[in-house]
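K.L.:
Compact mmCIF, C-alpha atoms, saved as start06.txt, coming up:
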# COMPACT_ATOMS: atom_id res chain seq x y z
CA MET A 1 25.75 -40.36 65.90
CA GLU A 2 28.20 -40.96 68.74
CA ASN A 3 27.20 -44.64 68.69
CA ASP A 4 27.90 -44.75 64.95
CA TYR A 5 31.39 -43.38 65.56
CA LYS A 6 31.97 -45.96 68.27
CA LYS A 7 31.03 -48.69 65.80
CA LEU A 8 33.38 -47.24 63.20
CA GLU A 9 36.15 -47.03 65.79
CA LYS A 10 35.67 -50.72 66.59
CA ILE A 11 35.75 -51.64 62.90
CA ALA A 12 38.89 -49.58 62.28
CA ASN A 13 40.59 -51.17 65.29
CA ASP A 14 39.69 -54.65 64.09
CA ILE A 15 41.14 -53.79 60.68
CA ARG A 16 44.34 -52.62 62.37
CA ILE A 17 44.61 -55.82 64.38
CA ASP A 18 44.35 -57.88 61.21
CA ILE A 19 46.96 -55.69 59.50
CA ILE A 20 49.39 -56.60 62.28
CA LYS A 21 48.52 -60.29 62.16
CA GLN A 22 48.80 -60.49 58.36
CA THR A 23 52.25 -58.94 58.25
CA TYR A 24 53.47 -60.99 61.21
CA TYR A 25 52.34 -64.34 59.77
CA ALA A 26 53.73 -63.42 56.35
CA GLY A 27 57.02 -62.16 57.77
CA SER A 28 56.79 -59.23 55.36
CA GLY A 29 54.50 -56.43 54.24
CA HIS A 30 53.77 -52.78 54.88
CA PRO A 31 52.13 -52.13 58.26
CA GLY A 32 52.88 -48.40 58.75
CA GLY A 33 50.92 -46.92 55.86
CA SER A 34 48.20 -49.54 56.25
CA LEU A 35 47.51 -48.58 59.87
CA SER A 36 47.37 -44.87 59.03
CA ALA A 37 44.34 -45.18 56.72
CA ALA A 38 42.16 -47.66 58.63
CA ASP A 39 39.73 -44.99 59.85
CA ILE A 40 39.20 -43.73 56.30
CA MET A 41 38.55 -47.25 55.03
CA ALA A 42 36.09 -47.97 57.83
CA VAL A 43 33.95 -45.00 56.80
CA LEU A 44 34.28 -45.77 53.09
CA TYR A 45 33.31 -49.43 53.25
CA PHE A 46 30.86 -49.46 56.14
CA GLN A 47 29.06 -46.19 55.52
CA GLU A 48 29.91 -44.33 52.34
CA MET A 49 30.07 -46.64 49.33
CA ASN A 50 27.26 -48.34 47.46
CA ILE A 51 28.60 -51.91 47.44
CA ASP A 52 27.27 -55.43 47.93
CA PRO A 53 29.72 -58.09 49.20
CA SER A 54 27.37 -60.82 47.95
CA ASN A 55 27.52 -59.32 44.44
CA PRO A 56 30.95 -57.68 44.05
CA LYS A 57 30.43 -56.94 40.34
CA LYS A 58 26.97 -55.39 40.50
CA GLU A 59 26.52 -52.82 37.74
CA ASP A 60 25.77 -49.66 39.71
CA ARG A 61 28.35 -50.21 42.46
CA ASP A 62 30.76 -47.58 43.68
CA LYS A 63 34.42 -48.42 43.14
CA PHE A 64 37.53 -48.12 45.29
CA VAL A 65 41.10 -48.31 43.98
CA LEU A 66 44.03 -48.67 46.37
CA SER A 67 46.59 -46.72 44.36
CA LYS A 68 49.22 -47.27 47.08
CA GLY A 69 48.99 -50.98 46.45
CA HIS A 70 51.71 -51.89 48.94
CA ALA A 71 49.13 -51.16 51.67
CA SER A 72 47.33 -54.35 50.66
CA PRO A 73 46.96 -55.59 54.28
CA LEU A 74 44.66 -52.60 54.82
CA LEU A 75 42.47 -53.43 51.82
CA TYR A 76 42.38 -57.16 52.54
CA ALA A 77 41.40 -56.67 56.18
CA THR A 78 38.70 -54.20 55.16
CA LEU A 79 37.25 -56.48 52.49
CA ALA A 80 37.26 -59.46 54.86
CA HIS A 81 35.49 -57.55 57.62
CA ARG A 82 32.95 -56.24 55.09
CA GLY A 83 32.19 -59.80 54.03
CA PHE A 84 33.78 -60.06 50.59
CA PHE A 85 35.66 -63.20 51.62
CA PRO A 86 36.18 -65.21 54.84
CA LYS A 87 38.49 -63.67 57.43
CA GLU A 88 40.35 -66.98 57.60
CA GLU A 89 41.88 -66.14 54.21
CA LEU A 90 43.90 -63.37 55.86
CA THR A 91 46.30 -65.91 57.35
CA GLY A 92 47.46 -66.73 53.83
CA PHE A 93 48.72 -63.22 53.11
CA ARG A 94 51.83 -63.32 50.87
CA LYS A 95 51.98 -67.11 51.01
CA LEU A 96 52.36 -69.40 48.00
CA GLY A 97 48.97 -70.49 46.70
CA SER A 98 47.01 -67.77 48.52
CA MET A 99 44.80 -65.32 46.65
CA LEU A 100 46.16 -62.55 48.89
CA GLN A 101 49.36 -61.53 47.16
CA GLY A 102 51.68 -58.75 48.27
CA HIS A 103 49.81 -56.37 45.98
CA PRO A 104 46.06 -56.55 45.21
CA ASP A 105 45.05 -58.74 42.26
CA THR A 106 41.68 -58.00 40.68
CA LYS A 107 41.55 -61.45 39.09
CA LYS A 108 41.86 -63.28 42.39
CA VAL A 109 40.34 -61.18 45.17
CA PRO A 110 36.62 -60.32 45.30
CA GLY A 111 36.14 -56.58 45.72
CA VAL A 112 39.50 -55.55 44.22
CA GLU A 113 38.74 -53.29 41.25
CA MET A 114 42.30 -52.81 40.01
CA SER A 115 45.63 -54.62 40.39
CA THR A 116 47.93 -51.99 41.85
CA GLY A 117 51.46 -51.53 43.10
CA SER A 118 53.13 -49.36 40.48
CA LEU A 119 52.60 -46.03 42.17
CA GLY A 120 50.31 -43.58 40.41
CA GLN A 121 48.80 -46.14 38.04
CA GLY A 122 45.92 -47.04 40.33
CA TYR A 123 44.93 -43.39 40.42
CA SER A 124 45.15 -43.21 36.62
CA ALA A 125 42.87 -46.25 36.31
CA SER A 126 40.37 -44.67 38.69
CA VAL A 127 40.18 -41.65 36.39
CA GLY A 128 39.35 -44.02 33.54
CA MET A 129 36.67 -45.70 35.64
CA ALA A 130 35.11 -42.34 36.47
CA ILE A 131 35.11 -41.32 32.79
CA ALA A 132 33.49 -44.64 31.83
CA ALA A 133 30.76 -44.19 34.44
CA LYS A 134 30.01 -40.73 33.05
CA LEU A 135 29.84 -42.05 29.47
CA ASP A 136 27.58 -44.91 30.52
CA GLY A 137 25.31 -42.63 32.54
CA LYS A 138 25.86 -44.69 35.71
CA PRO A 139 25.59 -43.30 39.26
CA THR A 140 28.92 -44.94 40.17
CA ARG A 141 31.26 -42.93 42.34
CA VAL A 142 34.97 -43.76 42.26
CA TYR A 143 37.30 -43.41 45.24
CA THR A 144 41.08 -43.82 45.20
CA LEU A 145 43.57 -43.75 48.07
CA LEU A 146 47.06 -42.41 47.43
CA GLY A 147 50.10 -42.27 49.66
CA ASP A 148 51.75 -38.89 50.12
CA GLY A 149 55.07 -40.24 48.84
CA GLU A 150 53.16 -41.40 45.79
CA MET A 151 52.53 -37.75 44.94
CA GLN A 152 56.15 -37.61 43.77
CA GLU A 153 55.17 -39.63 40.70
CA GLY A 154 54.58 -37.58 37.54
CA ILE A 155 51.71 -39.83 36.45
CA VAL A 156 49.72 -38.58 39.45
CA TRP A 157 49.64 -35.08 38.01
CA GLU A 158 48.87 -36.25 34.49
CA ALA A 159 45.87 -38.11 35.92
CA SER A 160 44.87 -35.02 37.90
CA MET A 161 44.99 -32.90 34.76
CA ALA A 162 42.67 -35.35 32.98
CA ALA A 163 40.29 -35.63 35.96
CA ALA A 164 39.80 -31.87 36.08
CA HIS A 165 39.56 -31.53 32.28
CA TYR A 166 36.73 -34.07 32.14
CA LYS A 167 34.99 -32.51 35.17
CA LEU A 168 34.90 -35.81 37.04
CA ASP A 169 32.72 -34.85 39.98
CA ASN A 170 32.15 -38.58 40.52
CA LEU A 171 35.82 -39.01 41.49
CA THR A 172 37.18 -38.54 45.00
CA VAL A 173 40.93 -38.70 45.56
CA ILE A 174 42.05 -39.33 49.16
CA VAL A 175 45.66 -38.58 50.09
CA ASP A 176 46.92 -40.45 53.17
CA TRP A 177 49.11 -37.62 54.40
CA ASN A 178 51.24 -39.26 57.11
CA GLY A 179 54.40 -37.38 56.14
CA LEU A 180 56.66 -40.42 55.83
CA GLN A 181 57.76 -42.81 53.12
CA ILE A 182 60.19 -45.72 52.95
CA ASP A 183 63.32 -43.53 53.02
CA GLY A 184 62.21 -41.02 55.64
CA LYS A 185 60.29 -37.74 55.72
CA ASN A 186 58.61 -36.78 52.46
CA ASP A 187 59.94 -33.25 52.63
CA GLU A 188 63.50 -34.56 52.90
CA VAL A 189 63.20 -37.18 50.15
CA MET A 190 61.33 -35.02 47.61
CA THR A 191 59.14 -32.12 48.67
CA VAL A 192 55.58 -32.30 47.37
CA THR A 193 54.08 -29.56 49.52
CA PRO A 194 51.89 -27.60 49.22
CA VAL A 195 49.90 -30.54 47.81
CA ASP A 196 46.54 -28.85 48.49
CA LYS A 197 47.52 -25.82 46.41
CA LYS A 198 48.77 -28.11 43.65
CA PHE A 199 45.42 -29.91 43.44
CA GLU A 200 43.59 -26.58 43.49
CA SER A 201 45.74 -25.29 40.64
CA PHE A 202 44.84 -28.39 38.63
CA GLY A 203 41.12 -27.61 39.08
CA PHE A 204 40.13 -29.78 42.05
CA HIS A 205 37.85 -29.00 44.94
CA VAL A 206 40.12 -29.57 47.95
CA ILE A 207 39.13 -30.56 51.49
CA ARG A 208 41.64 -30.77 54.35
CA ILE A 209 40.78 -33.05 57.27
CA ASP A 210 42.05 -34.96 60.28
CA GLY A 211 42.21 -38.46 58.82
CA HIS A 212 41.47 -39.99 62.22
CA SER A 213 38.28 -37.99 62.91
CA PHE A 214 35.26 -39.99 61.81
CA LYS A 215 33.11 -36.88 61.70
CA GLU A 216 35.57 -35.02 59.48
CA ILE A 217 35.95 -38.04 57.19
CA GLU A 218 32.19 -38.44 56.96
CA ASP A 219 31.63 -34.72 56.32
CA ALA A 220 34.34 -34.66 53.65
CA PHE A 221 32.69 -37.48 51.68
CA ALA A 222 29.34 -35.71 51.94
CA GLU A 223 30.93 -32.49 50.66
CA ALA A 224 32.52 -34.40 47.78
CA ARG A 225 29.10 -35.75 46.77
CA ARG A 226 27.68 -32.21 46.77
CA THR A 227 30.52 -30.83 44.64
CA LYS A 228 29.56 -30.52 40.98
CA GLY A 229 31.67 -29.90 37.89
CA LYS A 230 35.05 -30.85 39.34
CA PRO A 231 36.75 -33.75 41.13
CA THR A 232 37.48 -33.62 44.85
CA ALA A 233 40.78 -34.21 46.62
CA ILE A 234 40.66 -34.95 50.35
CA ILE A 235 43.98 -34.31 52.07
CA ALA A 236 43.78 -36.45 55.20
CA LYS A 237 46.40 -35.73 57.86
CA THR A 238 47.23 -39.06 59.46
CA VAL A 239 49.79 -40.77 61.68
CA LYS A 240 51.92 -43.50 60.16
CA GLY A 241 51.55 -46.65 62.28
CA LYS A 242 48.44 -45.23 64.00
CA GLY A 243 47.34 -47.15 67.07
CA VAL A 244 50.64 -48.90 67.81
CA SER A 245 52.91 -46.83 70.05
CA PHE A 246 56.26 -48.08 68.74
CA MET A 247 55.18 -47.80 65.10
CA GLU A 248 53.65 -44.33 65.19
CA ASN A 249 55.59 -41.68 63.23
CA ASN A 250 58.41 -44.18 62.61
CA TYR A 251 59.24 -44.62 58.92
CA GLY A 252 61.16 -47.79 59.75
CA TRP A 253 57.79 -49.54 59.89
CA HIS A 254 56.89 -48.59 56.32
CA GLY A 255 57.85 -52.00 54.96
CA LYS A 256 58.91 -54.16 57.91
CA ALA A 257 56.95 -56.94 59.57
CA PRO A 258 56.78 -57.21 63.37
CA ASN A 259 58.29 -60.22 65.12
CA GLU A 260 56.16 -62.28 67.50
CA GLU A 261 56.87 -60.14 70.56
CA GLU A 262 56.18 -56.92 68.66
CA ALA A 263 53.04 -58.31 67.04
CA LYS A 264 51.58 -59.44 70.38
CA LYS A 265 52.36 -56.07 71.93
CA ALA A 266 50.73 -54.26 69.00
CA VAL A 267 47.59 -56.37 69.12
CA ALA A 268 47.33 -55.85 72.88
CA GLU A 269 47.64 -52.07 72.44
CA LEU A 270 44.82 -52.23 69.91
CA GLY A 271 42.65 -54.08 72.40
CA GLY A 272 42.70 -57.36 70.53
CA GLU A 273 43.43 -60.94 71.44
CA TRP A 274 46.26 -63.06 70.13
Show how you would write the structure in this file as structure tokens.

P.N.:
Amino acid sequence: MENDYKKLEKIANDIRIDIIKQTYYAGSGHPGGSLSAADIMAVLYFQEMNIDPSNPKKEDRDKFVLSKGHASPLLYATLAHRGFFPKEELTGFRKLGSMLQGHPDTKKVPGVEMSTGSLGQGYSASVGMAIAAKLDGKPTRVYTLLGDGEMQEGIVWEASMAAAHYKLDNLTVIVDWNGLQIDGKNDEVMTVTPVDKKFESFGFHVIRIDGHSFKEIEDAFAEARRTKGKPTAIIAKTVKGKGVSFMENNYGWHGKAPNEEEAKKAVAELGGEW
């Protein structure tokens, strides 16, 4: 098991390195909230989900929706490392003619289930996907990743109401709880706490974890699979900019690309090569 965690740590680190490189080469993007969820994505894509990179549209696949679509460098790096498309494509992030736009595009990128960016709408679509799977009698599980600032959107709670009403035990909502958004601390911009109690009041099974502990992430997904009759919300406490000393817990890196010196320093801290 320890070896498995070491492998996941290596995958998550490689994802982080490519997040830095994508935003640097593009000269724009959102590194902070991409870095914070890399450990969660490593477990999801390399251990948890039933997916096949050689057949992205297979009928019984599990589905992932990046509701916080601005964290596209995270999704693109994950998909590339999982084999959905060549890693060389990552250098085209946010460039004219590239399939890797600033926000995920389901029509252009293999493995992207939903075009997202308008906060809360990706989550709403994932509820629809989970309902459809139930109606079709498919084993599909649906996972969606939300930012904590995204919880300020009213549509999030409308979707939560529907998810609980339809007893979507095939839906797992993951909240990347890093405490920061583009304008500063969540609690100073618009308080959403206690978000766990809110989900519970809407009828969710709620799990609170350290979003950088592979064991806790793994155990939470297993618990979600065992939960019947209600959807699960995983509140994952994370660090914005995780893995890069000068980006950690600094909201200024929410939507700012590193310059060459900063990018090289970040990659070196992550143990990568330039």

K.L.:
Fewer than 4 positions away in the same chain doesn't count, so skip those; otherwise give me all residues within 8 Å of stretch 161-165 of chain A, counting all atoms listed in the file, as a PDB file with C-alpha atoms, keeping the file's coordinate frame.

P.N.:
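Output file out_34.pdb follows:
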ATOM      1  CA  VAL A 127      40.180 -41.650  36.390  1.00  0.00           C
ATOM      2  CA  TRP A 157      49.640 -35.080  38.010  1.00  0.00           C
ATOM      3  CA  LEU A 171      35.820 -39.010  41.490  1.00  0.00           C
ATOM      4  CA  PHE A 202      44.840 -28.390  38.630  1.00  0.00           C
ATOM      5  CA  GLY A 203      41.120 -27.610  39.080  1.00  0.00           C
ATOM      6  CA  PHE A 204      40.130 -29.780  42.050  1.00  0.00           C
ATOM      7  CA  LYS A 230      35.050 -30.850  39.340  1.00  0.00           C
ATOM      8  CA  PRO A 231      36.750 -33.750  41.130  1.00  0.00           C
TER       9      PRO A 231
END

K.L.:
Taking all atoms listed in the file into account, name the residue in A:Val156, A:Ile234, A:Leu135, A:Ala266 that is nearest to A:Phe246.

P.N.:
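Of the candidates, the smallest distance to A:Phe246 is held by A:Ala266.
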
K.L.:
So, with all atoms listed in the file as the atoms that count, which of A:Leu168, A:Val267, A:Val173, A:Ala233 lies closest to A:Leu66?

P.N.:
A:Val173

K.L.:
From the list A:Ser115, A:Phe214, A:Tyr24, A:Ala80, which residue is nearest A:Arg94 when using only C-alpha atoms?

P.N.:
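Among A:Ser115, A:Phe214, A:Tyr24, A:Ala80, it is A:Tyr24 that comes nearest to A:Arg94.
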
K.L.:
How many Å separate atom CA of A:Ala38 from atom CA of A:Ala12?

P.N.:
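Calculated distance between atom CA of A:Ala38 and atom CA of A:Ala12 is 5.3 Å.
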
K.L.:
For the atom pair atom CA of A:Ile51 and atom CA of A:Gly111, what is the interatomic distance in Å to one decimal place?

P.N.:
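These two atoms are separated by 9.0 Å.
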
K.L.:
Grab all the atoms of stretch 87-95 of chain A that the file lists, wrap them in a box along x, y and z, add 4 Å per side, and give me centre plus edge lengths in Å (one decimal) as JSON.

P.N.:
{"center_x": 45.2, "center_y": -65.2, "center_z": 54.2, "size_x": 21.5, "size_y": 11.9, "size_z": 14.7}

K.L.:
Work out how far apart atom CA of A:Glu89 and atom CA of A:Phe46 are and give it in Å to one decimal.

P.N.:
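Interatomic distance here is 20.1 Å.
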
K.L.:
Pick out the closest residue to A:Val244 from this set: A:Asn13, A:Asn55, A:Gln47, A:Asn186. Count only C-alpha atoms.

P.N.:
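Among A:Asn13, A:Asn55, A:Gln47, A:Asn186, it is A:Asn13 that comes nearest to A:Val244.
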
K.L.:
Ranking A:Lys138, A:Lys108, A:Lys68, A:Lys21 by minimum distance to A:Glu88 and counting all atoms listed in the file, which one comes first?

P.N.:
A:Lys21
